[in-house]
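> Here you go, one structure.
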Amino acid sequence: MKSSGQRHRIGFHEILYVESIKDYVNIRTENNEFIVLDTLKSMEDQLSEKCVRVHKSFIVNLDKIKSIGAKKVILPKHEIPIGESYRAGLLDRLK
């Protein structure tokens, strides 16, 4: 992936979440974030089956989820909202 003019190799296991920011995505790991010119849909297609869309603007790594609240997913140092239309799909993937 290319971020800030540099190429970075990120393993799926490193990703906490991916957030959509207009025409860009913010890929967040525990120690870094990378802003890349891409769409969330394209990232969803590229990511491992260990990642799931939980909101119109967020994809999370299932292996990084600490807990799930009524309206949010708890990751290490981050809380991600759960969109109503994505909740059932998230719970199915956790079974």
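Following the order of the structure tokens, chains are lettered A, B, ..., residues in each are numbered from 1, and ligands are numbered from 1.
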Could you find all residues in chain A that DSSP calls helix (DSSP H, G or I) from the backbone, and write them as number ranges by chain?

A: 12-14, 40-46, 62-64, 84-94

> Between atom CA of Asn26 of chain A and atom CA of Lys66 of chain A, what is the spacing in Å?

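Computing it gives 20.7 Å between the two atoms.
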
> Neighbours of Ser57 of chain A within 8 Å (only C-alpha atoms; same-chain residues fewer than 3 positions away dropped), as a PyMOL selection string?

chain A and resi 19-21+40

> Provide the atom CA of Ile15 of chain A to atom CA of Val60 of chain A distance in Å, to one decimal place.

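Atom CA of Ile15 of chain A sits 7.9 Å away from atom CA of Val60 of chain A.
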
> Quick one: pull the distance between atom CA of Lys64 of chain A and atom CA of Asp45 of chain A, Å, one decimal.

19.1 Å

> Name the residues in contact with segment 76-87 of chain A at a cut-off of 10 Å, using only C-alpha atoms, excluding same-chain residues fewer than 4 positions from it; report them as a compact mmCIF listing (two decimals) with N, CA and C atoms, in the first residue's frame.


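Full text of result-v6.txt as output:
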```txt
# COMPACT_ATOMS: atom_id res chain seq x y z
N LEU A 16 -6.13 -2.84 13.17
CA LEU A 16 -7.22 -2.73 14.15
C LEU A 16 -8.52 -2.42 13.42
N TYR A 17 -8.48 -1.34 12.63
CA TYR A 17 -9.67 -0.95 11.87
C TYR A 17 -9.26 -0.11 10.67
N GLU A 19 -10.93 3.13 8.44
CA GLU A 19 -11.97 4.17 8.48
C GLU A 19 -12.00 4.93 7.17
N THR A 29 -3.30 0.72 12.89
CA THR A 29 -2.71 -0.40 13.59
C THR A 29 -2.53 0.03 15.04
N GLU A 30 -2.00 -0.82 15.89
CA GLU A 30 -1.81 -0.43 17.29
C GLU A 30 -0.82 0.71 17.44
N VAL A 52 -14.49 -7.26 9.11
CA VAL A 52 -15.91 -7.13 8.83
C VAL A 52 -16.33 -5.66 8.91
N ARG A 53 -17.24 -5.28 8.04
CA ARG A 53 -17.79 -3.93 8.05
C ARG A 53 -18.79 -3.83 9.19
N VAL A 54 -18.63 -2.82 10.05
CA VAL A 54 -19.53 -2.64 11.19
C VAL A 54 -20.29 -1.32 11.13
N HIS A 55 -19.96 -0.50 10.14
CA HIS A 55 -20.55 0.83 10.02
C HIS A 55 -20.29 1.30 8.60
N LYS A 56 -21.04 2.27 8.12
CA LYS A 56 -20.81 2.74 6.75
C LYS A 56 -19.40 3.30 6.57
N SER A 57 -18.74 3.67 7.68
CA SER A 57 -17.41 4.25 7.61
C SER A 57 -16.30 3.41 8.23
N PHE A 58 -16.62 2.20 8.74
CA PHE A 58 -15.61 1.43 9.45
C PHE A 58 -15.63 -0.07 9.12
N ILE A 59 -14.43 -0.62 9.02
CA ILE A 59 -14.20 -2.06 8.97
C ILE A 59 -13.30 -2.39 10.15
N VAL A 60 -13.59 -3.45 10.88
CA VAL A 60 -12.74 -3.84 12.02
C VAL A 60 -12.19 -5.25 11.82
N LYS A 64 -9.24 -8.48 16.81
CA LYS A 64 -8.87 -7.40 17.72
C LYS A 64 -10.01 -6.94 18.61
N ILE A 65 -11.21 -7.46 18.41
CA ILE A 65 -12.37 -7.04 19.21
C ILE A 65 -12.23 -7.55 20.64
N LYS A 66 -12.29 -6.62 21.59
CA LYS A 66 -12.25 -6.99 23.00
C LYS A 66 -13.66 -7.27 23.52
N SER A 67 -14.62 -6.42 23.10
CA SER A 67 -16.01 -6.62 23.49
C SER A 67 -16.92 -5.84 22.55
N ILE A 68 -18.21 -6.15 22.64
CA ILE A 68 -19.21 -5.48 21.82
C ILE A 68 -20.28 -4.93 22.74
N GLY A 69 -20.53 -3.64 22.63
CA GLY A 69 -21.59 -3.01 23.40
C GLY A 69 -22.85 -2.90 22.55
N ALA A 70 -23.82 -2.21 23.07
CA ALA A 70 -25.07 -2.04 22.34
C ALA A 70 -24.88 -1.29 21.03
N LYS A 71 -23.97 -0.31 21.03
CA LYS A 71 -23.79 0.52 19.84
C LYS A 71 -22.34 0.71 19.44
N LYS A 72 -21.42 -0.08 20.04
CA LYS A 72 -20.03 0.11 19.68
C LYS A 72 -19.22 -1.17 19.86
N LEU A 91 -22.61 -9.91 14.27
CA LEU A 91 -22.89 -10.99 15.23
C LEU A 91 -22.83 -12.36 14.55
N ASP A 92 -23.28 -12.46 13.30
CA ASP A 92 -23.18 -13.71 12.54
C ASP A 92 -21.73 -14.13 12.35
```

> Could you check which of A:Tyr24, A:Arg93, A:Ser48, A:Phe34 is closest to Arg9 of chain A, using only C-alpha atoms?

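Using only C-alpha atoms, Arg9 of chain A sits closest to A:Phe34.
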
> I need the residues of chain A that end up classed as strand (DSSP E) by DSSP on the backbone, written out as a ChimeraX atom specification.

/A:2-3,6-7,15-21,24-29,33-37,51-55,58-61,67-68,72-75,78-81

> Measuring between only C-alpha atoms, which one of A:Ile35, A:Val25, A:Leu90, A:Ile74 shows the shortest distance to His8 of chain A?

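Smallest separation from His8 of chain A among the options: A:Ile35.
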